[in-house]
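structure25.txt, holding compact mmCIF, C-alpha atoms:
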```txt
# COMPACT_ATOMS: atom_id res chain seq x y z
CA VAL V 1470 -138.27 -40.79 -197.00
CA SER V 1471 -140.55 -37.93 -195.95
CA SER V 1472 -142.64 -38.60 -199.07
CA PHE V 1473 -143.55 -42.02 -197.66
CA VAL V 1474 -143.23 -41.75 -193.88
CA GLU V 1475 -144.79 -39.11 -191.64
CA LEU V 1476 -142.12 -37.24 -189.70
CA GLU V 1477 -144.51 -35.01 -187.77
CA GLY V 1478 -147.50 -35.72 -185.55
CA PRO V 1479 -148.33 -38.17 -182.76
CA SER V 1480 -147.57 -41.30 -184.82
CA SER V 1481 -144.59 -39.90 -186.69
CA ALA V 1482 -141.35 -41.67 -187.41
CA GLU V 1483 -138.13 -40.32 -185.95
CA VAL V 1484 -134.84 -40.01 -187.82
CA VAL V 1485 -131.76 -40.42 -185.63
CA SER V 1486 -128.01 -40.64 -186.22
CA ASN V 1487 -125.80 -43.26 -184.61
CA LEU V 1488 -123.12 -40.58 -184.37
CA ASP V 1489 -125.04 -39.45 -181.28
CA TRP V 1490 -123.79 -42.49 -179.35
CA THR V 1491 -120.59 -43.42 -181.20
CA GLN V 1492 -118.87 -40.02 -181.48
CA SER V 1493 -117.73 -39.84 -177.87
CA LEU V 1494 -116.93 -43.56 -177.59
CA SER V 1495 -113.24 -44.51 -177.82
CA ALA V 1496 -112.06 -47.74 -179.45
CA ILE V 1497 -110.83 -48.98 -176.04
CA GLU V 1498 -114.23 -48.31 -174.44
CA PHE V 1499 -116.02 -50.01 -177.31
CA LEU V 1500 -113.87 -53.13 -177.04
CA ARG V 1501 -114.20 -53.21 -173.25
CA GLU V 1502 -117.93 -52.55 -172.98
CA ILE V 1503 -119.27 -54.12 -176.19
CA GLY V 1504 -116.63 -56.39 -177.71
CA LYS V 1505 -116.41 -58.59 -174.60
CA HIS V 1506 -119.93 -59.88 -175.25
CA PHE V 1507 -119.08 -61.39 -178.64
CA SER V 1508 -117.56 -64.79 -179.40
CA VAL V 1509 -115.39 -64.88 -182.51
CA ASN V 1510 -116.50 -68.48 -183.10
CA VAL V 1511 -120.14 -67.40 -183.19
CA MET V 1512 -119.35 -64.46 -185.46
CA LEU V 1513 -117.50 -66.75 -187.88
CA SER V 1514 -120.54 -69.01 -188.06
CA LYS V 1515 -122.77 -66.22 -189.41
CA ASP V 1516 -123.65 -66.64 -193.10
CA SER V 1517 -122.63 -63.08 -194.00
CA VAL V 1518 -119.14 -63.66 -192.59
CA LYS V 1519 -118.77 -67.17 -193.99
CA SER V 1520 -119.69 -66.07 -197.51
CA SER V 1521 -117.11 -63.27 -197.40
CA LEU V 1522 -114.43 -65.62 -196.11
CA ASN V 1523 -115.19 -68.08 -198.92
CA GLU V 1524 -114.93 -65.36 -201.57
CA SER V 1525 -112.20 -62.74 -201.23
CA GLY V 1526 -111.70 -62.70 -197.48
CA ILE V 1527 -112.91 -60.12 -195.00
CA SER V 1528 -111.29 -57.01 -193.58
CA PHE V 1529 -111.24 -56.23 -189.87
CA THR V 1530 -113.49 -53.23 -190.59
CA GLU V 1531 -116.10 -55.43 -192.28
CA PHE V 1532 -115.79 -58.05 -189.56
CA SER V 1533 -116.43 -55.38 -186.90
CA TYR V 1534 -119.56 -54.12 -188.65
CA MET V 1535 -121.63 -56.74 -186.85
CA LEU V 1536 -120.59 -55.33 -183.47
CA LEU V 1537 -121.40 -51.78 -184.55
CA GLN V 1538 -124.85 -52.70 -185.85
CA ALA V 1539 -125.54 -54.67 -182.69
CA PHE V 1540 -124.48 -51.67 -180.60
CA ASP V 1541 -126.83 -49.46 -182.63
CA TYR V 1542 -129.76 -51.75 -181.82
CA LEU V 1543 -128.85 -51.69 -178.13
CA GLU V 1544 -128.79 -47.87 -178.09
CA LEU V 1545 -132.05 -47.60 -180.07
CA TYR V 1546 -133.60 -49.98 -177.56
CA ARG V 1547 -132.36 -47.91 -174.62
CA ARG V 1548 -132.97 -44.42 -176.00
CA HIS V 1549 -136.08 -44.87 -178.13
CA ASP V 1550 -137.70 -48.07 -176.82
CA CYS V 1551 -137.09 -49.68 -180.21
CA ARG V 1552 -138.29 -53.29 -179.96
CA LEU V 1553 -138.10 -54.49 -183.57
CA GLN V 1554 -135.34 -54.21 -186.16
CA ILE V 1555 -136.31 -54.91 -189.78
CA GLY V 1556 -133.89 -55.57 -192.63
CA GLY V 1557 -133.11 -57.66 -195.68
CA TYR V 1558 -132.45 -61.32 -195.02
CA ASP V 1559 -128.72 -60.75 -195.60
CA GLN V 1560 -128.82 -58.72 -192.34
CA TRP V 1561 -130.14 -61.59 -190.22
CA GLY V 1562 -126.78 -62.32 -188.57
CA ASN V 1563 -126.18 -58.66 -187.70
CA ILE V 1564 -129.70 -58.15 -186.34
CA THR V 1565 -129.64 -61.28 -184.19
CA ALA V 1566 -126.23 -60.20 -182.89
CA GLY V 1567 -128.02 -57.08 -181.65
CA LEU V 1568 -130.68 -59.22 -179.98
CA ASP V 1569 -128.00 -61.25 -178.22
CA LEU V 1570 -126.26 -58.07 -177.04
CA ILE V 1571 -129.48 -56.55 -175.70
CA ARG V 1572 -130.34 -59.71 -173.78
CA LYS V 1573 -126.85 -60.06 -172.31
CA ILE V 1574 -126.76 -56.46 -171.10
CA GLU V 1575 -130.43 -55.81 -170.30
CA GLY V 1576 -131.20 -59.25 -168.93
CA SER V 1577 -134.74 -60.66 -169.02
CA ASP V 1578 -136.18 -57.30 -170.10
CA GLY V 1579 -134.25 -57.70 -173.36
CA LEU V 1580 -136.55 -60.57 -174.32
CA SER V 1581 -138.99 -57.95 -175.62
CA ALA V 1582 -136.65 -57.11 -178.53
CA HIS V 1583 -137.28 -58.87 -181.85
CA ALA V 1584 -135.98 -59.24 -185.41
CA LEU V 1585 -137.74 -59.37 -188.79
CA THR V 1586 -136.10 -59.90 -192.18
CA VAL V 1587 -137.59 -59.77 -195.66
CA PRO V 1588 -136.42 -61.23 -198.99
CA LEU V 1589 -134.12 -59.02 -201.05
CA VAL V 1590 -135.37 -57.64 -204.35
CA THR V 1591 -133.24 -59.33 -206.99
CA LYS V 1592 -133.05 -59.24 -210.77
CA SER V 1593 -133.12 -62.23 -213.10
CA ASP V 1594 -129.31 -62.25 -213.23
CA GLY V 1595 -129.17 -62.70 -209.45
CA THR V 1596 -127.98 -59.18 -208.62
CA LYS V 1597 -129.84 -57.28 -205.93
CA PHE V 1598 -131.20 -53.79 -205.60
CA GLY V 1599 -129.13 -51.75 -203.20
CA LYS V 1600 -127.09 -48.60 -202.73
CA THR V 1601 -123.84 -50.41 -203.59
CA ALA V 1602 -125.18 -52.06 -206.75
CA GLU V 1603 -124.03 -50.81 -210.13
CA GLY V 1604 -126.63 -48.47 -211.60
CA ALA V 1605 -128.46 -48.10 -208.29
CA ILE V 1606 -131.47 -45.81 -208.30
CA TRP V 1607 -132.20 -43.34 -205.52
CA LEU V 1608 -135.37 -41.68 -204.26
CA ASP V 1609 -133.54 -38.34 -204.11
CA ALA V 1610 -133.91 -36.38 -207.37
CA GLU V 1611 -130.41 -34.96 -206.87
CA LEU V 1612 -128.97 -38.49 -207.09
CA THR V 1613 -131.37 -40.00 -209.65
CA THR V 1614 -133.29 -37.48 -211.75
CA PRO V 1615 -137.01 -38.12 -212.37
CA TYR V 1616 -136.13 -38.74 -216.04
CA ALA V 1617 -133.49 -41.34 -215.14
CA PHE V 1618 -135.88 -42.87 -212.61
CA TYR V 1619 -138.62 -43.17 -215.24
CA GLN V 1620 -136.22 -44.63 -217.80
CA PHE V 1621 -134.90 -47.17 -215.29
CA TRP V 1622 -138.33 -48.79 -215.00
CA LEU V 1623 -139.04 -48.38 -218.70
CA ASN V 1624 -135.85 -50.35 -219.44
CA THR V 1625 -136.67 -53.20 -217.04
CA ASP V 1626 -135.73 -56.60 -218.42
CA ASP V 1627 -138.74 -58.57 -219.76
CA ARG V 1628 -137.78 -61.38 -217.39
CA ASP V 1629 -138.08 -59.07 -214.35
CA VAL V 1630 -141.00 -56.79 -215.12
CA GLY V 1631 -143.72 -59.19 -214.02
CA HIS V 1632 -142.44 -59.76 -210.52
CA PHE V 1633 -141.41 -56.08 -210.16
CA LEU V 1634 -145.01 -55.13 -210.88
CA ARG V 1635 -146.18 -57.61 -208.25
CA TYR V 1636 -143.65 -56.22 -205.74
CA PHE V 1637 -144.16 -52.50 -206.24
CA SER V 1638 -147.57 -51.85 -207.81
CA MET V 1639 -150.66 -51.04 -205.76
CA LYS V 1640 -152.97 -52.24 -208.56
CA ASP V 1641 -155.22 -55.18 -207.75
CA ARG V 1642 -154.20 -58.65 -208.82
CA SER V 1643 -156.59 -58.98 -211.76
CA GLU V 1644 -155.39 -55.69 -213.26
CA LEU V 1645 -151.76 -56.69 -212.83
CA GLU V 1646 -152.30 -60.06 -214.47
CA ALA V 1647 -154.05 -58.35 -217.41
CA ILE V 1648 -151.08 -55.99 -217.87
CA ILE V 1649 -148.61 -58.88 -217.72
CA ALA V 1650 -150.65 -60.93 -220.20
CA GLU V 1651 -150.82 -57.99 -222.61
CA HIS V 1652 -147.06 -57.51 -222.27
CA GLN V 1653 -146.33 -61.19 -222.93
CA ALA V 1654 -148.44 -61.04 -226.09
CA ALA V 1655 -146.44 -58.09 -227.48
CA PRO V 1656 -143.21 -57.51 -225.46
CA HIS V 1657 -141.93 -54.92 -227.94
CA ARG V 1658 -144.68 -52.51 -226.87
CA ARG V 1659 -143.29 -52.49 -223.30
CA VAL V 1660 -146.77 -52.23 -221.80
CA ALA V 1661 -145.70 -53.65 -218.43
CA GLN V 1662 -142.58 -51.48 -218.21
CA ARG V 1663 -144.59 -48.36 -219.00
CA ALA V 1664 -147.19 -49.26 -216.38
CA LEU V 1665 -144.41 -49.67 -213.83
CA ALA V 1666 -142.78 -46.34 -214.73
CA ASP V 1667 -146.12 -44.51 -214.83
CA GLU V 1668 -147.06 -45.73 -211.36
CA LEU V 1669 -143.76 -45.46 -209.48
CA THR V 1670 -142.46 -42.14 -210.85
CA PRO V 1671 -145.44 -40.08 -209.58
CA LEU V 1672 -145.20 -41.87 -206.24
CA VAL V 1673 -141.60 -40.71 -205.78
CA HIS V 1674 -141.41 -37.47 -207.77
CA GLY V 1675 -145.00 -36.32 -208.36
CA ASP V 1676 -147.32 -36.26 -211.36
CA ARG V 1677 -145.72 -33.31 -213.14
CA ALA V 1678 -142.21 -34.81 -213.01
CA CYS V 1679 -143.57 -38.09 -214.37
CA HIS V 1680 -145.33 -36.31 -217.23
CA GLN V 1681 -142.16 -34.37 -218.08
CA ALA V 1682 -140.01 -37.53 -217.96
CA ALA V 1683 -142.40 -39.41 -220.25
CA ALA V 1684 -142.59 -36.45 -222.65
CA ALA V 1685 -138.79 -36.17 -222.77
CA GLY V 1686 -138.46 -39.83 -223.70
CA GLN V 1687 -141.13 -39.35 -226.36
CA ALA V 1688 -139.26 -36.36 -227.77
CA LEU V 1689 -135.88 -38.09 -227.85
CA PHE V 1690 -136.92 -41.48 -229.15
CA ARG V 1691 -140.23 -40.93 -230.97
CA GLY V 1692 -139.97 -37.42 -232.36
CA GLY V 1693 -142.08 -35.65 -229.73
CA ASP V 1694 -142.05 -31.93 -228.93
CA LEU V 1695 -139.09 -30.85 -226.78
CA SER V 1696 -140.50 -27.34 -226.35
CA ILE V 1697 -143.08 -28.52 -223.79
CA ILE V 1698 -140.40 -29.98 -221.49
CA ASP V 1699 -138.71 -28.02 -218.71
CA GLU V 1700 -135.01 -27.22 -218.89
CA ASP V 1701 -133.91 -29.58 -216.08
CA THR V 1702 -135.68 -32.58 -217.64
CA VAL V 1703 -134.19 -31.83 -221.07
CA ALA V 1704 -130.72 -31.59 -219.49
CA ALA V 1705 -131.22 -34.90 -217.66
CA ALA V 1706 -132.49 -36.59 -220.81
CA LEU V 1707 -129.61 -35.31 -222.96
CA ALA V 1708 -127.06 -36.27 -220.30
CA SER V 1709 -128.18 -39.89 -220.58
CA ALA V 1710 -128.26 -39.92 -224.38
CA PRO V 1711 -125.44 -41.84 -226.11
CA PRO V 1712 -122.57 -39.68 -227.40
CA PHE V 1713 -121.93 -39.27 -231.10
CA ASP V 1714 -118.64 -38.15 -232.67
CA TRP V 1715 -119.00 -35.97 -235.74
CA GLU V 1716 -116.14 -34.71 -237.84
CA GLN V 1717 -116.85 -31.44 -239.61
CA PRO V 1718 -116.19 -31.75 -243.36
CA SER V 1719 -113.67 -29.46 -244.97
CA SER V 1720 -114.94 -26.18 -246.39
CA ALA V 1721 -114.37 -27.50 -249.92
CA THR V 1722 -117.26 -29.94 -249.50
CA TRP V 1723 -119.79 -27.26 -248.48
CA PRO V 1724 -122.04 -25.90 -251.26
CA SER V 1725 -121.15 -22.40 -252.37
CA VAL V 1726 -123.45 -19.55 -251.42
CA VAL V 1727 -124.11 -16.83 -253.94
CA ASP V 1728 -125.15 -13.40 -252.72
```
Would you mind writing the file out in structure tokens?
Amino acid sequence: VSSFVELEGPSSAEVVSNLDWTQSLSAIEFLREIGKHFSVNVMLSKDSVKSSLNESGISFTEFSYMLLQAFDYLELYRRHDCRLQIGGYDQWGNITAGLDLIRKIEGSDGLSAHALTVPLVTKSDGTKFGKTAEGAIWLDAELTTPYAFYQFWLNTDDRDVGHFLRYFSMKDRSELEAIIAEHQAAPHRRVAQRALADELTPLVHGDRACHQAAAAGQALFRGGDLSIIDEDTVAAALASAPPFDWEQPSSATWPSVVD
């Protein structure tokens, strides 16, 4: 996230690990000091728990996750004066559990802690973006190459591309609406998808990586020049290309060569 968030300077963000406060904590201590503040009835009433119970059931590990996230908020509040936890709306139950824990342990001072949730980014088929989703994309080039990142946006479903542009683009509204209108007039040209890929790839990976990713796609699918593309991008592009089985013909079918 260092490409998007300052990690140095007076207003910098700070990256911490919850291992700092969980590593030395035994299960008995956790149950005694933290678990006693939670009502199972209240936990069962949370939407995230109810939905799991209605589907395939819930493991004890998953059920305990709420307590662990609540404990994290308490420790962030104590150690770093963290007063606001932000997450997707599916985290509302876990975040408010943290608020309840802070207020029970810290008393009236805990009233200064707050929660904020935002809508999840979902596709037209109802699936959401996330690290556990099939085909998830990552900001780390080691996990999702710039080529794969570029192609992901280029292959966005026509039904999704309009609202993805409105979510992620920094273009003004009139420019976005013009792109969407042009796309709707000729979807096969993928104008909106290309605009999305051309804006987001440089943001995450830089201008050069975006240019190389676009050129690799041009070379593979439109007969462009592979020689101008760096080795890593070519490898990433070929790795994502569909396989093709070819059986070598017998020597009898090859034309004879006369010296």
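The space between atom CA of Met1639 of chain V and atom CA of Gln1687 of chain V spans 25.5 Å.
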Could you list as JSON, numbers by chain every residue that has an atom within 8 Å of (-136.4, -62.3, -190.1), using the file's coordinates and counting only C-alpha atoms? {"V": [1555, 1556, 1557, 1558, 1561, 1584, 1585, 1586, 1587]}
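Taking atom CA of Glu1668 of chain V as the reference point, atom CA of Ala1605 of chain V is found at 19.0 Å.
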When you look at Lys1597 of chain V with a cut-off of 12 Å (counting all atoms listed in the file), what residues show up, excluding the ones that are within fewer than 4 positions of it in the same chain? I need them as a ChimeraX atom specification. /V:1557-1559,1588-1593,1601-1606,1629
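If you count all atoms listed in the file and draw a sphere of 9 Å around (-127.3, -61.7, -188.4), the protein and nucleic acid residues inside it come out as V:Met1512, V:Lys1515, V:Asp1516, V:Ser1517, V:Met1535, V:Tyr1558, V:Asp1559, V:Gln1560, V:Trp1561, V:Gly1562, V:Asn1563, V:Ile1564, V:Thr1565, V:Ala1566, V:Gly1567.
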Hey, can you spit out that residue selection with C-alpha atoms as a PDB file, in the frame of the given file?
```pdb
ATOM      1  CA  MET V1512    -119.350 -64.460-185.460  1.00  0.00           C
ATOM      2  CA  LYS V1515    -122.770 -66.220-189.410  1.00  0.00           C
ATOM      3  CA  ASP V1516    -123.650 -66.640-193.100  1.00  0.00           C
ATOM      4  CA  SER V1517    -122.630 -63.080-194.000  1.00  0.00           C
ATOM      5  CA  MET V1535    -121.630 -56.740-186.850  1.00  0.00           C
ATOM      6  CA  TYR V1558    -132.450 -61.320-195.020  1.00  0.00           C
ATOM      7  CA  ASP V1559    -128.720 -60.750-195.600  1.00  0.00           C
ATOM      8  CA  GLN V1560    -128.820 -58.720-192.340  1.00  0.00           C
ATOM      9  CA  TRP V1561    -130.140 -61.590-190.220  1.00  0.00           C
ATOM     10  CA  GLY V1562    -126.780 -62.320-188.570  1.00  0.00           C
ATOM     11  CA  ASN V1563    -126.180 -58.660-187.700  1.00  0.00           C
ATOM     12  CA  ILE V1564    -129.700 -58.150-186.340  1.00  0.00           C
ATOM     13  CA  THR V1565    -129.640 -61.280-184.190  1.00  0.00           C
ATOM     14  CA  ALA V1566    -126.230 -60.200-182.890  1.00  0.00           C
ATOM     15  CA  GLY V1567    -128.020 -57.080-181.650  1.00  0.00           C
TER      16      GLY V1567
END
```
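Every protein, DNA or RNA residue with an atom at most 12 Å from Lys1505 of chain V, where all atoms listed in the file count and chain neighbours fewer than 4 positions away do not, is listed here: Ile1497, Glu1498, Phe1499, Leu1500, Arg1501, Val1509, Leu1536, Leu1570, Lys1573 and Ile1574 of chain V.
Counting only C-alpha atoms and comparing V:Leu1513, V:Ala1664, V:Cys1679, V:Leu1543, the residue that lies closest to Ala1647 of chain V is V:Ala1664.
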Report the closest atom pair, with its distance in Å rounded to one decimal, for each residue of segment 1638-1699 of chain V that has an atom no farther than 12 Å from segment 1616-1621 of chain V; count only C-alpha atoms, sort by chain and then rising residue number, and write it as a Markdown table.
```
| residue | atom | partner | partner_atom | distance |
| --- | --- | --- | --- | --- |
| V:Arg1659 | CA | V:Gln1620 | CA | 11.9 |
| V:Gln1662 | CA | V:Phe1621 | CA | 9.3 |
| V:Arg1663 | CA | V:Tyr1619 | CA | 8.8 |
| V:Ala1664 | CA | V:Tyr1619 | CA | 10.6 |
| V:Leu1665 | CA | V:Tyr1619 | CA | 8.8 |
| V:Ala1666 | CA | V:Tyr1619 | CA | 5.3 |
| V:Asp1667 | CA | V:Tyr1619 | CA | 7.6 |
| V:Glu1668 | CA | V:Tyr1619 | CA | 9.6 |
| V:Leu1669 | CA | V:Tyr1619 | CA | 8.1 |
| V:Thr1670 | CA | V:Tyr1619 | CA | 5.9 |
| V:Pro1671 | CA | V:Tyr1619 | CA | 9.4 |
| V:Leu1672 | CA | V:Tyr1619 | CA | 11.2 |
| V:Val1673 | CA | V:Phe1618 | CA | 9.2 |
| V:His1674 | CA | V:Phe1618 | CA | 9.1 |
| V:Gly1675 | CA | V:Tyr1619 | CA | 11.6 |
| V:Asp1676 | CA | V:Tyr1619 | CA | 11.8 |
| V:Arg1677 | CA | V:Tyr1616 | CA | 11.4 |
| V:Ala1678 | CA | V:Tyr1616 | CA | 7.8 |
| V:Cys1679 | CA | V:Tyr1619 | CA | 7.1 |
| V:His1680 | CA | V:Tyr1616 | CA | 9.6 |
| V:Gln1681 | CA | V:Tyr1616 | CA | 7.7 |
| V:Ala1682 | CA | V:Tyr1616 | CA | 4.5 |
| V:Ala1683 | CA | V:Tyr1619 | CA | 7.3 |
| V:Ala1684 | CA | V:Tyr1616 | CA | 9.5 |
| V:Ala1685 | CA | V:Tyr1616 | CA | 7.7 |
| V:Gly1686 | CA | V:Gln1620 | CA | 7.9 |
| V:Gln1687 | CA | V:Gln1620 | CA | 11.2 |
| V:Leu1689 | CA | V:Tyr1616 | CA | 11.8 |
| V:Phe1690 | CA | V:Gln1620 | CA | 11.8 |
| V:Ile1698 | CA | V:Tyr1616 | CA | 11.2 |
| V:Asp1699 | CA | V:Tyr1616 | CA | 11.3 |
```
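Proximity of V:Asp1569, V:Ser1577, V:Ile1649, V:Val1484 to Ser1508 of chain V, computed with all atoms listed in the file, is greatest for V:Asp1569.
For the residues V:Lys1600, V:Gly1579, V:Glu1651, V:Asp1541, ranking by smallest atom-to-atom distance to Thr1613 of chain V using all atoms listed in the file places V:Lys1600 first.
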Between atom CA of Glu1644 of chain V and atom CA of Asn1624 of chain V, distance in Å (one decimal): 21.2 Å
As JSON, please: the centre and edge lengths in Å, to one decimal, of an axis-aligned box enclosing every listed atom of segment 1658-1668 of chain V with 3 Å added on each side.
```
{"center_x": -144.9, "center_y": -49.1, "center_z": -219.1, "size_x": 10.6, "size_y": 15.1, "size_z": 21.5}
```
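Every protein or nucleic acid residue with an atom no more than 12 Å from Gln1653 of chain V, counting all atoms listed in the file and leaving out same-chain residues fewer than 5 positions away, appears here: Asp1627, Arg1628, Val1630, Gly1631, Glu1646, Ala1647, Ile1648, Arg1658, Arg1659, Val1660, Ala1661 and Gln1662 of chain V.
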For segment 1497-1510 of chain V, which lacks atoms in the input, supply N, CA and C atoms and format the output as a short mmCIF file (atom, residue, chain, number, x, y, z; two decimals), keeping the file's coordinate frame.
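Result went into part.cif, see below:
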```
data_model
loop_
_atom_site.label_atom_id
_atom_site.label_comp_id
_atom_site.auth_asym_id
_atom_site.auth_seq_id
_atom_site.Cartn_x
_atom_site.Cartn_y
_atom_site.Cartn_z
N ILE V 1497 -111.09 -48.18 -177.24
CA ILE V 1497 -110.83 -48.98 -176.04
C ILE V 1497 -112.13 -49.22 -175.28
N GLU V 1498 -112.95 -48.16 -175.14
CA GLU V 1498 -114.23 -48.31 -174.44
C GLU V 1498 -115.15 -49.27 -175.19
N PHE V 1499 -115.16 -49.15 -176.51
CA PHE V 1499 -116.02 -50.01 -177.31
C PHE V 1499 -115.62 -51.48 -177.14
N LEU V 1500 -114.34 -51.75 -177.19
CA LEU V 1500 -113.87 -53.13 -177.04
C LEU V 1500 -114.17 -53.65 -175.64
N ARG V 1501 -113.99 -52.78 -174.63
CA ARG V 1501 -114.20 -53.21 -173.25
C ARG V 1501 -115.68 -53.41 -172.92
N GLU V 1502 -116.53 -52.50 -173.38
CA GLU V 1502 -117.93 -52.55 -172.98
C GLU V 1502 -118.80 -53.39 -173.92
N ILE V 1503 -118.44 -53.42 -175.21
CA ILE V 1503 -119.27 -54.12 -176.19
C ILE V 1503 -118.60 -55.39 -176.71
N GLY V 1504 -117.33 -55.26 -177.10
CA GLY V 1504 -116.63 -56.39 -177.71
C GLY V 1504 -116.57 -57.63 -176.83
N LYS V 1505 -116.54 -57.44 -175.51
CA LYS V 1505 -116.41 -58.59 -174.60
C LYS V 1505 -117.61 -59.53 -174.66
N HIS V 1506 -118.72 -59.06 -175.20
CA HIS V 1506 -119.93 -59.88 -175.25
C HIS V 1506 -120.02 -60.77 -176.50
N PHE V 1507 -119.02 -60.67 -177.37
CA PHE V 1507 -119.08 -61.39 -178.64
C PHE V 1507 -118.03 -62.50 -178.70
N SER V 1508 -118.47 -63.66 -179.16
CA SER V 1508 -117.56 -64.79 -179.40
C SER V 1508 -117.15 -64.78 -180.87
N VAL V 1509 -115.86 -64.84 -181.13
CA VAL V 1509 -115.39 -64.88 -182.51
C VAL V 1509 -115.91 -66.13 -183.22
N ASN V 1510 -115.99 -67.24 -182.49
CA ASN V 1510 -116.50 -68.48 -183.10
C ASN V 1510 -117.93 -68.31 -183.60
#
```
